[in-house]
$ cat start15.tsv   # TSV, C-alpha atoms and all ligand atoms
chain	number	residue	atom	x	y	z
P	5	MET	CA	-83.19	1.96	-176.35
P	6	LEU	CA	-79.53	1.34	-177.10
P	7	LEU	CA	-78.79	4.58	-175.36
P	8	ASN	CA	-80.60	3.30	-172.30
P	9	LEU	CA	-78.29	0.35	-172.36
P	10	LEU	CA	-75.27	2.59	-172.69
P	11	LEU	CA	-76.23	4.95	-169.92
P	12	GLY	CA	-77.63	2.20	-167.75
P	13	TYR	CA	-74.42	0.20	-167.88
P	14	PRO	CA	-73.08	0.26	-164.31
P	15	GLY	CA	-69.47	0.71	-165.37
P	16	TYR	CA	-70.38	3.56	-167.62
P	17	LYS	CA	-72.34	5.39	-164.94
P	18	HIS	CA	-69.50	4.88	-162.52
P	19	THR	CA	-67.10	6.34	-165.07
P	20	LEU	CA	-69.37	9.32	-165.60
P	21	ILE	CA	-69.66	10.06	-161.91
P	22	ARG	CA	-65.93	9.86	-161.39
P	23	ARG	CA	-65.37	11.97	-164.44
P	24	GLN	CA	-67.54	14.70	-163.00
P	25	HIS	CA	-65.39	14.68	-159.90
P	26	LEU	CA	-62.26	14.96	-162.00
P	27	GLY	CA	-63.74	17.90	-163.87
P	28	ASN	CA	-63.73	16.02	-167.15
P	29	MET	CA	-66.26	16.66	-169.80
P	30	ILE	CA	-68.98	14.62	-171.50
P	31	ILE	CA	-70.61	16.24	-174.49
P	32	THR	CA	-73.60	14.81	-176.30
P	33	VAL	CA	-74.53	15.88	-179.81
P	34	THR	CA	-78.21	15.41	-180.50
P	35	SER	CA	-81.20	16.76	-182.43
P	36	PHE	CA	-84.77	15.88	-183.31
P	37	LYS	CA	-84.00	16.10	-187.01
P	38	GLY	CA	-81.80	13.95	-189.21
P	39	GLY	CA	-79.05	15.29	-191.42
P	40	VAL	CA	-78.34	18.49	-189.50
P	41	GLY	CA	-74.65	17.80	-188.92
P	42	LYS	CA	-74.62	15.78	-185.68
P	43	THR	CA	-72.00	13.28	-186.82
P	44	THR	CA	-69.89	15.93	-188.56
P	45	THR	CA	-70.01	17.95	-185.33
P	46	ALA	CA	-69.23	14.98	-183.07
P	47	ILE	CA	-66.23	14.01	-185.22
P	48	HIS	CA	-64.79	17.52	-185.31
P	49	LEU	CA	-65.41	18.30	-181.66
P	50	ALA	CA	-63.70	15.03	-180.79
P	51	THR	CA	-60.81	16.04	-183.06
P	52	PHE	CA	-60.57	19.40	-181.31
P	53	PHE	CA	-60.73	17.89	-177.82
P	54	GLN	CA	-58.16	15.24	-178.69
P	55	GLY	CA	-55.79	18.18	-179.11
P	56	GLN	CA	-56.53	19.10	-175.46
P	57	GLY	CA	-56.36	15.63	-173.93
P	58	GLU	CA	-57.34	12.00	-174.53
P	59	THR	CA	-60.77	11.87	-176.11
P	60	LEU	CA	-63.22	9.07	-176.87
P	61	LEU	CA	-66.11	9.24	-179.33
P	62	ILE	CA	-69.06	6.97	-178.57
P	63	ASP	CA	-71.24	6.27	-181.60
P	64	ALA	CA	-74.68	5.70	-180.09
P	65	ASP	CA	-76.46	5.93	-183.45
P	66	PRO	CA	-77.55	2.50	-184.77
P	67	ASN	CA	-76.56	3.74	-188.24
P	68	ARG	CA	-72.97	3.80	-187.00
P	69	SER	CA	-72.02	6.82	-189.09
P	70	ALA	CA	-69.12	7.83	-186.86
P	71	LEU	CA	-67.74	4.29	-186.80
P	72	GLY	CA	-68.05	4.19	-190.59
P	73	TRP	CA	-66.19	7.50	-190.85
P	74	ALA	CA	-63.35	6.09	-188.75
P	75	ARG	CA	-63.24	2.84	-190.73
P	76	ARG	CA	-63.04	4.58	-194.11
P	77	GLY	CA	-59.92	6.49	-193.17
P	78	GLY	CA	-58.38	7.33	-189.84
P	79	LEU	CA	-59.25	9.61	-186.95
P	80	PRO	CA	-56.91	10.83	-184.23
P	81	PHE	CA	-59.09	9.35	-181.44
P	82	PRO	CA	-60.85	6.03	-180.85
P	83	VAL	CA	-64.50	5.53	-181.82
P	84	VAL	CA	-66.55	2.82	-180.10
P	85	ASP	CA	-70.19	1.89	-180.04
P	86	GLU	CA	-72.22	1.78	-176.85
P	87	TRP	CA	-71.81	-2.00	-176.59
P	88	GLN	CA	-68.06	-1.54	-176.23
P	89	VAL	CA	-68.29	0.84	-173.28
P	90	ASP	CA	-67.09	-1.11	-170.28
P	91	GLY	CA	-65.70	1.32	-167.76
P	92	GLN	CA	-62.10	1.02	-168.89
P	93	TYR	CA	-62.04	4.53	-170.18
P	94	ASP	CA	-60.94	6.33	-167.07
P	95	HIS	CA	-58.03	8.00	-168.77
P	96	TYR	CA	-60.23	9.85	-171.30
P	97	ARG	CA	-60.55	13.51	-170.43
P	98	HIS	CA	-63.34	14.09	-172.92
P	99	ILE	CA	-66.14	11.86	-174.11
P	100	ILE	CA	-68.23	12.91	-177.07
P	101	ILE	CA	-71.47	11.03	-177.78
P	102	ASP	CA	-73.04	11.03	-181.23
P	103	THR	CA	-76.72	10.08	-181.27
P	104	GLN	CA	-79.41	9.18	-183.72
P	105	ALA	CA	-81.95	11.77	-184.76
P	106	ARG	CA	-84.96	12.16	-182.51
P	107	PRO	CA	-83.98	10.44	-179.30
P	108	ASN	CA	-87.04	9.46	-177.32
P	109	GLN	CA	-87.93	11.32	-174.16
P	110	ALA	CA	-86.42	8.71	-171.87
P	111	ASP	CA	-83.11	8.81	-173.78
P	112	LEU	CA	-83.07	12.57	-173.68
P	113	ALA	CA	-83.69	12.59	-169.94
P	114	LEU	CA	-80.80	10.18	-169.42
P	115	LEU	CA	-78.51	12.24	-171.63
P	116	VAL	CA	-79.31	15.45	-169.82
P	117	GLY	CA	-78.75	13.74	-166.51
P	118	HIS	CA	-75.38	12.32	-167.46
P	119	CYS	CA	-73.58	14.75	-169.67
P	120	HIS	CA	-72.20	18.20	-169.04
P	121	LEU	CA	-73.31	19.78	-172.27
P	122	LEU	CA	-75.78	19.00	-175.00
P	123	VAL	CA	-74.84	20.38	-178.39
P	124	LEU	CA	-77.86	20.80	-180.65
P	125	PRO	CA	-76.84	21.31	-184.28
P	126	THR	CA	-79.40	22.86	-186.56
P	127	THR	CA	-79.30	24.00	-190.15
P	128	PRO	CA	-80.78	27.44	-190.84
P	129	ASP	CA	-84.02	26.34	-192.48
P	130	VAL	CA	-87.64	26.08	-191.47
P	131	LEU	CA	-87.84	22.30	-191.09
P	132	ALA	CA	-84.77	22.12	-188.90
P	133	LEU	CA	-86.02	25.02	-186.80
P	134	GLU	CA	-89.35	23.32	-186.24
P	135	ALA	CA	-87.50	20.26	-185.01
P	136	LEU	CA	-85.32	22.47	-182.82
P	137	VAL	CA	-88.38	24.00	-181.17
P	138	LEU	CA	-89.55	20.48	-180.30
P	139	THR	CA	-86.15	19.56	-178.88
P	140	VAL	CA	-85.91	22.71	-176.78
P	141	ASP	CA	-89.47	22.20	-175.59
P	142	HIS	CA	-88.59	18.69	-174.39
P	143	LEU	CA	-85.43	19.96	-172.75
P	144	GLY	CA	-87.40	22.66	-170.95
P	145	ARG	CA	-89.30	19.93	-169.13
P	146	LEU	CA	-86.12	18.31	-167.85
P	147	PRO	CA	-84.11	19.43	-164.81
P	148	ALA	CA	-81.57	22.18	-165.58
P	149	PRO	CA	-80.35	21.03	-168.96
P	150	GLN	CA	-77.23	22.75	-170.16
P	151	TYR	CA	-77.36	23.04	-173.90
P	152	ARG	CA	-76.09	25.15	-176.75
P	153	ILE	CA	-77.49	25.41	-180.26
P	154	LEU	CA	-74.99	25.22	-183.09
P	155	LEU	CA	-75.86	26.60	-186.50
P	156	THR	CA	-74.46	24.26	-189.15
P	157	ALA	CA	-74.12	24.23	-192.92
P	158	VAL	CA	-74.67	27.99	-192.96
P	159	PRO	CA	-74.83	29.03	-196.63
P	160	PRO	CA	-72.49	31.76	-197.92
P	161	PRO	CA	-73.66	35.27	-198.86
P	162	PRO	CA	-75.77	36.49	-200.54
P	163	SER	CA	-77.93	34.10	-198.48
P	164	ARG	CA	-78.89	35.68	-195.18
P	165	ALA	CA	-80.34	32.45	-193.76
P	166	GLY	CA	-77.64	32.13	-191.10
P	167	GLU	CA	-78.04	35.69	-189.81
P	168	THR	CA	-81.83	35.55	-189.92
P	169	VAL	CA	-82.01	32.36	-187.90
P	170	ARG	CA	-79.33	33.60	-185.49
P	171	SER	CA	-81.32	36.78	-184.75
P	172	LEU	CA	-84.49	34.77	-184.33
P	173	LEU	CA	-82.88	32.42	-181.83
P	174	LEU	CA	-81.25	35.24	-179.91
P	175	GLU	CA	-84.53	37.16	-179.78
P	176	THR	CA	-86.13	34.15	-178.15
P	177	GLN	CA	-83.13	33.97	-175.79
P	178	GLN	CA	-81.93	30.59	-176.92
P	179	PRO	CA	-78.37	29.67	-175.91
P	180	LEU	CA	-76.41	29.74	-179.14
P	181	PHE	CA	-72.73	29.31	-179.97
P	182	ASP	CA	-71.28	32.60	-181.25
P	183	GLN	CA	-69.56	30.62	-183.97
P	184	GLY	CA	-71.61	28.87	-186.63
P	185	ILE	CA	-70.32	26.21	-189.02
P	186	ARG	CA	-70.32	27.37	-192.58
P	187	ARG	CA	-71.43	25.19	-195.47
P	188	TYR	CA	-68.32	23.76	-197.11
P	189	ALA	CA	-68.04	20.88	-199.54
P	190	ALA	CA	-64.85	20.00	-197.66
P	191	PHE	CA	-66.97	18.46	-194.89
P	192	GLN	CA	-68.52	16.00	-197.32
P	193	LYS	CA	-65.08	15.14	-198.68
P	194	ALA	CA	-63.89	14.55	-195.13
P	195	ALA	CA	-66.78	12.17	-194.44
P	196	GLN	CA	-66.05	10.31	-197.66
P	197	ALA	CA	-62.33	10.00	-196.95
P	198	GLY	CA	-62.92	9.18	-193.28
P	199	VAL	CA	-60.64	11.92	-191.96
P	200	PRO	CA	-60.97	15.24	-190.13
P	201	VAL	CA	-61.72	18.07	-192.54
P	202	TYR	CA	-58.24	19.62	-192.30
P	203	GLU	CA	-56.82	16.53	-194.02
P	204	VAL	CA	-58.81	16.84	-197.24
P	205	LYS	CA	-57.49	18.53	-200.33
P	206	ASP	CA	-59.80	21.51	-200.60
P	207	PRO	CA	-59.07	25.24	-200.62
P	208	LYS	CA	-61.60	25.76	-197.80
P	209	ALA	CA	-60.51	22.83	-195.63
P	210	GLU	CA	-58.62	24.98	-193.13
P	211	GLN	CA	-61.46	27.51	-192.83
P	212	ALA	CA	-63.91	24.67	-192.30
P	213	TRP	CA	-61.71	23.25	-189.52
P	214	GLN	CA	-61.29	26.66	-187.87
P	215	ASP	CA	-65.08	26.95	-187.51
P	216	TYR	CA	-65.05	23.87	-185.28
P	217	VAL	CA	-61.92	25.05	-183.46
P	218	ALA	CA	-63.79	28.22	-182.51
P	219	VAL	CA	-66.74	26.18	-181.23
P	220	GLY	CA	-64.38	23.94	-179.23
P	221	GLN	CA	-62.83	27.03	-177.68
P	222	GLU	CA	-66.24	28.34	-176.73
P	223	ILE	CA	-66.99	25.04	-175.02
P	224	LEU	CA	-63.76	25.32	-173.04
P	225	THR	CA	-64.95	28.65	-171.67
P	226	LEU	CA	-68.16	26.92	-170.47
P	227	ALA	CA	-66.31	24.11	-168.71
P	228	PRO	CA	-66.49	24.16	-164.91
U	1	LIG	N1	-70.99	22.41	-192.46
U	1	LIG	C1	-71.34	21.58	-193.45
U	1	LIG	N2	-71.18	21.95	-194.74
U	1	LIG	C2	-71.53	21.15	-195.76
U	1	LIG	N3	-72.04	19.93	-195.59
U	1	LIG	C3	-72.23	19.48	-194.33
U	1	LIG	C4	-71.90	20.29	-193.20
U	1	LIG	N4	-72.20	19.58	-192.08
U	1	LIG	C5	-72.70	18.40	-192.50
U	1	LIG	N5	-72.71	18.34	-193.85
U	1	LIG	C6	-73.19	17.24	-194.69
U	1	LIG	O1	-74.59	17.06	-194.43
U	1	LIG	C7	-74.90	15.67	-194.42
U	1	LIG	C8	-75.48	15.31	-193.04
U	1	LIG	O2	-74.46	15.51	-192.07
U	1	LIG	P1	-74.30	14.55	-190.80
U	1	LIG	O3	-74.23	13.13	-191.24
U	1	LIG	O4	-73.19	15.08	-189.98
U	1	LIG	O5	-75.72	14.82	-190.11
U	1	LIG	P2	-76.43	13.97	-188.96
U	1	LIG	O6	-77.28	14.94	-188.21
U	1	LIG	O7	-75.44	13.20	-188.19
U	1	LIG	O8	-77.35	12.98	-189.82
U	1	LIG	P3	-78.17	11.71	-189.23
U	1	LIG	O9	-79.37	12.28	-188.53
U	1	LIG	O10	-78.51	10.94	-190.47
U	1	LIG	O11	-77.27	10.98	-188.29
U	1	LIG	C9	-73.62	14.94	-194.76
U	1	LIG	O12	-73.58	14.73	-196.14
U	1	LIG	C10	-72.53	15.93	-194.36
U	1	LIG	O13	-71.33	15.74	-195.10
U	2	MG	MG	-75.34	11.15	-187.75
$ encode --input "start15.tsv" --output "structure tokens"
Amino acid sequence: MLLNLLLGYPGYKHTLIRRQHLGNMIITVTSFKGGVGKTTTAIHLATFFQGQGETLLIDADPNRSALGWARRGGLPFPVVDEWQVDGQYDHYRHIIIDTQARPNQADLALLVGHCHLLVLPTTPDVLALEALVLTVDHLGRLPAPQYRILLTAVPPPPSRAGETVRSLLLETQQPLFDQGIRRYAAFQKAAQAGVPVYEVKDPKAEQAWQDYVAVGQEILTLAP
């Protein structure tokens, strides 16, 4: 419902349309399951895109996890909720939208209609995959959705969960980012400290960040 408000706001729509003309990019991070890394992904994609040009993160989740992240520490880009969107954001080259789990069908239709890319994070486990099948099924009924699945919190060897799920998704011809996000405690530390992962004191912080850099770079190759 809140998303309806956001996307239905005349100024916002106007901004989106103009943005498409300018070749700018709106990316929505969504999934039918909670806790699969949507907010972590939205924060780090926004961090990556801020390095490319002015970026805005819209927290459209009523839980306000992204806003909370920003409040706890500091992020290199502004975070607003959907109520604060008022069409004054013309100078942002990238807009990333974080959503709540399981958007309803109407929200999903609006998102697909208004953004350039849907990023669907999923963890490599059965429950998340079941939810992913539902999401993809819904998307299949919408006009030409552009989406990419992102494997998140991929456990280290000897677990083969990441590879197994990757092969499964590729066999069923699902669009999947080449790069997955590995499971690192550094991401939880980053959420706690309210900073991007590269700022936390953790031996894996840089590796964790580089996973998202690689995904950001893949997105740049998709951009029109
Ligand atoms: N790559 C990762 N490695 C380790 N932990 C991760 C990773 N990605 C996310 N997490 C952790 O998993 C939990 C859920 O992540 P996050 O809040 O990003 O998911 P979400 O999909 O936004 O959840 P919600 O549906 O509640 O909004 C958090 O504790 C987060 O720190
Ligand atoms: Mg979230």
$ closest_residue --input "start15.tsv" --among "P:Phe52, P:Leu61, P:Glu86, P:Asp102" --to "ligand MG 2 (chain U)" --atoms "only C-alpha atoms and all ligand atoms"
P:Asp102
$ atom_distance --input "start15.tsv" --atom1 "atom CA of Trp73 of chain P" --atom2 "atom CA of Ala195 of chain P"
5.9 Å
$ atom_distance --input "start15.tsv" --atom1 "atom CA of Pro162 of chain P" --atom2 "atom CA of Arg187 of chain P"
13.1 Å
$ closest_residue --input "start15.tsv" --among "P:Ile153, P:Ala189, P:Ile101, P:Leu136" --to "Ala46 of chain P" --atoms "all atoms listed in the file"
P:Ile101
$ residues_around --input "start15.tsv" --residues "Gln104 of chain P" --least-positions-apart "3" --cutoff "8 Å" --atoms "all atoms listed in the file" --output "number ranges by chain"
P: 34-35, 38, 64-67, 107
$ residues_around --input "start15.tsv" --residues "segment 163-179 of chain P" --least-positions-apart "6" --cutoff "10 Å" --atoms "all atoms listed in the file" --output "VMD selection string"
chain P and resid 126 to 130 133 140 150 to 157 185 to 186
$ closest_atom_pairs --input "start15.tsv" --of "chain P" --to "ligand MG 2 (chain U)" --cutoff "6 Å" --atoms "all atoms listed in the file" --output "CSV"
residue,atom,partner,partner_atom,distance
P:Lys42,CA,U:MG2,MG,5.1
P:Thr43,CA,U:MG2,MG,4.1
P:Ser69,CA,U:MG2,MG,5.6
$ residues_near_point --input "start15.tsv" --point "(-69.9, 19.0, -181.2)" --cutoff "9 Å" --atoms "all atoms listed in the file" --output "list of chain:residue names"
P:Ile31, P:Thr32, P:Val33, P:Lys42, P:Thr43, P:Thr44, P:Thr45, P:Ala46, P:Ile47, P:His48, P:Leu49, P:Ala50, P:Ile100, P:Ile101, P:Asp102, P:Leu122, P:Val123, P:Leu124, P:Pro125, P:Leu154, P:Tyr216, P:Val219, P:Gly220
$ closest_residue --input "start15.tsv" --among "P:Phe181, P:Val116, P:Phe81, P:Ala212" --to "Lys193 of chain P" --atoms "all atoms listed in the file"
P:Ala212
$ closest_residue --input "start15.tsv" --among "P:Gly57, P:Pro82, P:Pro147, P:Pro160" --to "ligand LIG 1 (chain U)" --atoms "all atoms listed in the file"
P:Pro160
$ axis_aligned_box --input "start15.tsv" --around "segment 54-65 of chain P" --padding-each-side "4 Å" --output "JSON"
{"center_x": -66.1, "center_y": 12.4, "center_z": -178.7, "size_x": 28.7, "size_y": 21.4, "size_z": 17.5}
$ atom_distance --input "start15.tsv" --atom1 "atom O10 of ligand LIG 1 (chain U)" --atom2 "atom CA of Val40 of chain P"
7.6 Å
